[in-house]
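Contents: one structure, followed by commentary.
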Amino acid sequence: MLWVDQYRPKTLEKITVHQEIANNLKKLVTEQDCPHLLFYGPSGSGKKTLIMALIKEMFGSPADKVKLENKMWKVDAGSRTIELELTMLSSAHHVEMSPSDAGFQDRYVVQEIIKEMAKNRSIDTKGKRGFKVLVLNEVDKLSREAQHSLRRTMEKYSSSCRLILCCNSSSKVTEAVRSRCLNIRVNAPTQEEIVKVLELIAKKESLTLPPVFANRIAAQSNRNLRRAILFFETCRVKEYPFTENQVIPPLDWEQHVSNIVSDILKEQSPKMLYEVRQKLYDLLVNCIPPVIILKKLLCELLKKLDSELKHEVCHWAAHYEHKMRLGSKAIFHLEAFVAKFMSIYKEFLIATFG
Ligand SMILES: Nc1ncnc2c1ncn2[C@@H]1O[C@H](COP(=O)(O)OP(=O)(O)OP(=O)(O)O)[C@@H](O)[C@H]1O
């Protein structure tokens, strides 16, 4: 098991990084008045960890007995029936899924599947009617229609079901959904907090971690706790005992994006665009989310660009990110961004150097 999973705190008491949020969640559970919740914050900040600990606090150890299912659903879509395949993680008391996986058909998932689940109350061990918890990931990726349907489900089945929504950006969640939830912002951990988590893992693994090295890992993680723990584990495999100046290798996919950036800065041509397309496909088939690829591409480009070009490149990255949300084939938009960048950059080179 990777350290990110092995050392994920399982209960609210053990949560060290967002202690205040954990204490407030504990109060919510003891007061038996848990509203719908919306957790939002950057990737790797600890949202999922808090949600899992909260569910454990609500239902105790039965919440640990989870099963992963790949289920086919037949959904009535007006004049026809469509088939949807969804991956769900469920226990006796909760179900977790990412409805946005259904792409442009996400509203059927909300209208039919989530509604169906929300209707069924669970019965607790004392025979009392409890409530079921539905954890919905990446709600910011849901279409507007799906979010409107979600709002209706939240209102209609609030007595039998609690929704826990999780996303990176709350601004992409409609006001109607946001206002029906208790919004919980999970900030990216500070560098000091990340260092403390690394020290804790080092202690449990009986490793000696030089403070300078721990700080370097935390700084390179960009305040992403998952990334910091992954870096730490990679370094442990590559070289131990640790030294202060030990190289921290970048994650494979990040290295791949850096290679793409070097390619497109070196040559701007249809041939290179074709080569880059293969590399983008490699990233997509390895399940790197297209928005993350675009963001990383932009960050790497900005590091190497002349300040004159930065504004224009940011504008086009935002443009293609928006297009990506509207469409369903991410590769088109990633490639379009690369092509656009090549054209801007070539023009700039010709104007500057002739
Ligand atoms: N409070 C914590 N104490 C120690 N480690 C933590 C804590 N919260 C999170 N972690 C570690 O950080 C990793 C990432 O956290 P988590 O999966 O909760 O992030 P997330 O915000 O849900 O990320 P994403 O949005 O990318 O899914 C976890 O696997 C866990 O190892």
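Letters for chains follow the order of the structure tokens (A, B, ...), residue numbers begin at 1 for each chain, and ligand numbers begin at 1 in the order shown.
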Exercise for review: May I have the residues within 7 Å of stretch 288-297 of chain A as an MDAnalysis selection string, using only C-alpha atoms and disregarding those fewer than 6 positions away in the same chain?
Suggested key: chainID A and resid 257 261 321 330 334
Check your understanding: as a ChimeraX atom specification, which residues of stretch 174-246 of chain A does DSSP assign to helix (DSSP H, G or I)?
Key -> /A:175-178,191-204,211-220,225-238
Please produce a file of those selected residues containing C-alpha atoms, as a short mmCIF file (atom, residue, chain, number, x, y, z; two decimals), in the first residue's frame.
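File result35.cif, as written:
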```
data_model
loop_
_atom_site.label_atom_id
_atom_site.label_comp_id
_atom_site.auth_asym_id
_atom_site.auth_seq_id
_atom_site.Cartn_x
_atom_site.Cartn_y
_atom_site.Cartn_z
CA GLU A 175 -25.52 29.24 -6.19
CA ALA A 176 -28.72 27.19 -5.71
CA VAL A 177 -26.74 24.09 -4.74
CA ARG A 178 -24.18 26.00 -2.68
CA GLN A 191 4.57 24.17 4.38
CA GLU A 192 5.02 23.71 8.16
CA GLU A 193 1.94 21.47 8.35
CA ILE A 194 3.23 19.35 5.48
CA VAL A 195 6.61 19.01 7.20
CA LYS A 196 4.83 17.79 10.37
CA VAL A 197 2.96 15.10 8.40
CA LEU A 198 6.22 13.98 6.76
CA GLU A 199 7.92 13.82 10.17
CA LEU A 200 5.08 11.70 11.50
CA ILE A 201 5.39 9.25 8.61
CA ALA A 202 9.19 9.16 9.04
CA LYS A 203 8.70 8.32 12.73
CA LYS A 204 6.26 5.50 11.94
CA PRO A 211 14.67 18.98 8.51
CA VAL A 212 16.20 20.75 5.47
CA PHE A 213 15.21 17.86 3.21
CA ALA A 214 11.67 17.75 4.66
CA ASN A 215 11.32 21.47 3.96
CA ARG A 216 12.54 21.02 0.39
CA ILE A 217 9.95 18.29 -0.25
CA ALA A 218 7.21 20.49 1.24
CA ALA A 219 8.29 23.46 -0.90
CA GLN A 220 8.37 21.36 -4.09
CA LEU A 225 -0.12 17.00 0.76
CA ARG A 226 -0.63 14.00 -1.52
CA ARG A 227 2.20 15.12 -3.78
CA ALA A 228 4.51 15.71 -0.79
CA ILE A 229 3.89 12.19 0.56
CA LEU A 230 4.41 10.69 -2.92
CA PHE A 231 7.70 12.60 -3.33
CA PHE A 232 8.79 11.41 0.10
CA GLU A 233 8.09 7.76 -0.73
CA THR A 234 9.84 8.02 -4.12
CA CYS A 235 12.93 9.52 -2.45
CA ARG A 236 12.91 6.71 0.13
CA VAL A 237 12.95 4.13 -2.69
CA LYS A 238 15.68 5.96 -4.65
#
```
Do you have, as a Markdown table, the list of residues of chain A lying at most 7 Å from ligand 1, each with its nearest atom pair and that distance in Å to one decimal, counting only C-alpha atoms and all ligand atoms and ordered by chain then number?
```
| residue | atom | partner | partner_atom_place_in_ligand_line | distance |
| --- | --- | --- | --- | --- |
| A:Trp3 | CA | ligand 1 | 31 (O) | 6.6 |
| A:Val4 | CA | ligand 1 | 31 (O) | 3.5 |
| A:Asp5 | CA | ligand 1 | 29 (O) | 5.0 |
| A:Tyr7 | CA | ligand 1 | 31 (O) | 5.3 |
| A:Arg8 | CA | ligand 1 | 31 (O) | 4.0 |
| A:Pro9 | CA | ligand 1 | 3 (N) | 5.7 |
| A:Ile15 | CA | ligand 1 | 1 (N) | 4.2 |
| A:Thr16 | CA | ligand 1 | 1 (N) | 4.7 |
| A:Val17 | CA | ligand 1 | 1 (N) | 4.1 |
| A:His18 | CA | ligand 1 | 1 (N) | 5.6 |
| A:Gly41 | CA | ligand 1 | 21 (O) | 6.5 |
| A:Pro42 | CA | ligand 1 | 25 (O) | 6.0 |
| A:Ser43 | CA | ligand 1 | 26 (O) | 3.6 |
| A:Gly44 | CA | ligand 1 | 23 (O) | 3.6 |
| A:Ser45 | CA | ligand 1 | 21 (O) | 3.9 |
| A:Gly46 | CA | ligand 1 | 18 (O) | 3.2 |
| A:Lys47 | CA | ligand 1 | 21 (O) | 3.9 |
| A:Lys48 | CA | ligand 1 | 22 (O) | 3.6 |
| A:Thr49 | CA | ligand 1 | 18 (O) | 3.7 |
| A:Leu50 | CA | ligand 1 | 18 (O) | 6.4 |
| A:Cys167 | CA | ligand 1 | 25 (O) | 6.6 |
| A:Asn168 | CA | ligand 1 | 25 (O) | 5.9 |
| A:Val197 | CA | ligand 1 | 4 (C) | 5.5 |
| A:Leu225 | CA | ligand 1 | 12 (O) | 4.6 |
| A:Arg226 | CA | ligand 1 | 13 (C) | 4.0 |
| A:Ile229 | CA | ligand 1 | 31 (O) | 6.9 |
```
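Those residues of stretch 130-183 of chain A that DSSP, working from the backbone, places in strand (DSSP E or B) are Lys132, Val133, Leu134, Val135, Leu136, Cys161, Arg162, Leu163, Ile164, Leu165, Cys166, Cys167, Leu182 and Asn183 of chain A.
For A:Arg277, the list of residues within 12 Å, based on only C-alpha atoms and with local chain neighbours fewer than 2 positions off taken out, reads Val257, Ile260, Asp263, Ile264, Pro270, Lys271, Met272, Leu273, Tyr274, Glu275, Lys279, Leu280, Tyr281, Asp282, Leu283, Leu284, Ala330, Ile331, Phe332, His333, Leu334, Glu335, Ala336, Phe337, Val338 and Ala339 of chain A.
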Export, as a compact mmCIF listing (two decimals), in the first residue's frame, the selected residues with N, CA and C atoms.
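out-v3.txt written:
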```txt
# COMPACT_ATOMS: atom_id res chain seq x y z
N VAL A 257 4.92 16.23 -19.12
CA VAL A 257 4.43 17.55 -19.54
C VAL A 257 5.61 18.48 -19.81
N ILE A 260 6.85 17.84 -23.18
CA ILE A 260 5.98 18.43 -24.21
C ILE A 260 6.31 19.91 -24.37
N ASP A 263 9.43 20.41 -26.26
CA ASP A 263 9.20 20.14 -27.68
C ASP A 263 8.57 21.33 -28.39
N ILE A 264 7.52 21.89 -27.79
CA ILE A 264 6.80 22.94 -28.53
C ILE A 264 7.55 24.28 -28.53
N PRO A 270 3.49 21.36 -37.97
CA PRO A 270 2.47 20.29 -37.93
C PRO A 270 3.08 18.96 -37.49
N LYS A 271 4.34 18.71 -37.88
CA LYS A 271 4.98 17.45 -37.51
C LYS A 271 5.10 17.36 -35.97
N MET A 272 5.56 18.47 -35.39
CA MET A 272 5.71 18.47 -33.93
C MET A 272 4.35 18.37 -33.24
N LEU A 273 3.35 19.01 -33.84
CA LEU A 273 2.00 18.94 -33.25
C LEU A 273 1.52 17.49 -33.22
N TYR A 274 1.84 16.78 -34.29
CA TYR A 274 1.45 15.36 -34.37
C TYR A 274 2.16 14.54 -33.27
N GLU A 275 3.44 14.85 -33.06
CA GLU A 275 4.19 14.12 -32.01
C GLU A 275 3.63 14.43 -30.62
N LYS A 279 1.86 12.28 -27.23
CA LYS A 279 2.25 12.42 -25.82
C LYS A 279 1.05 12.82 -24.95
N LEU A 280 0.16 13.64 -25.54
CA LEU A 280 -1.04 14.02 -24.78
C LEU A 280 -1.93 12.80 -24.56
N TYR A 281 -2.02 11.96 -25.60
CA TYR A 281 -2.79 10.72 -25.46
C TYR A 281 -2.21 9.86 -24.34
N ASP A 282 -0.87 9.78 -24.29
CA ASP A 282 -0.22 8.98 -23.24
C ASP A 282 -0.68 9.45 -21.86
N LEU A 283 -0.74 10.77 -21.69
CA LEU A 283 -1.16 11.30 -20.39
C LEU A 283 -2.62 10.96 -20.11
N LEU A 284 -3.47 11.11 -21.14
CA LEU A 284 -4.90 10.86 -20.94
C LEU A 284 -5.18 9.38 -20.62
N ALA A 330 -11.65 15.82 -24.75
CA ALA A 330 -10.63 16.74 -24.21
C ALA A 330 -9.43 16.88 -25.14
N ILE A 331 -9.08 15.81 -25.83
CA ILE A 331 -7.87 15.84 -26.66
C ILE A 331 -7.94 16.96 -27.70
N PHE A 332 -9.16 17.21 -28.27
CA PHE A 332 -9.29 18.27 -29.28
C PHE A 332 -8.85 19.62 -28.71
N HIS A 333 -9.29 19.86 -27.48
CA HIS A 333 -9.04 21.18 -26.90
C HIS A 333 -7.59 21.32 -26.42
N LEU A 334 -7.03 20.22 -25.95
CA LEU A 334 -5.62 20.26 -25.55
C LEU A 334 -4.75 20.53 -26.78
N GLU A 335 -5.09 19.82 -27.84
CA GLU A 335 -4.31 19.97 -29.07
C GLU A 335 -4.50 21.37 -29.66
N ALA A 336 -5.74 21.85 -29.58
CA ALA A 336 -6.01 23.20 -30.11
C ALA A 336 -5.19 24.23 -29.34
N PHE A 337 -5.07 24.03 -28.01
CA PHE A 337 -4.28 24.97 -27.22
C PHE A 337 -2.81 24.94 -27.66
N VAL A 338 -2.30 23.72 -27.86
CA VAL A 338 -0.89 23.59 -28.27
C VAL A 338 -0.69 24.27 -29.63
N ALA A 339 -1.64 24.03 -30.57
CA ALA A 339 -1.53 24.63 -31.91
C ALA A 339 -1.57 26.16 -31.81
```
Practice item. Show which residues sit within 9 Å of stretch 73-89 of chain A, as a PyMOL selection string. Count only C-alpha atoms, and ignore same-chain residues fewer than 4 positions away. Key: chain A and resi 66-69+94-99+101-102+105+108-109+112-113
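Computed from the coordinates, the atom CA of A:Ser91 to atom CA of A:Leu134 distance equals 10.6 Å.
Interatomic distance, atom CA of A:Arg151 against atom CA of A:Ser179: 9.7 Å.
Put simply, atom CA of A:Met72 is 25.9 Å away from atom CA of A:Ile55.
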**Study point:** Closest of A:Val110, A:Val313, A:Val285, A:Val133 to A:Met58 - atom-to-atom distances counting only C-alpha atoms
**Key:** A:Val133
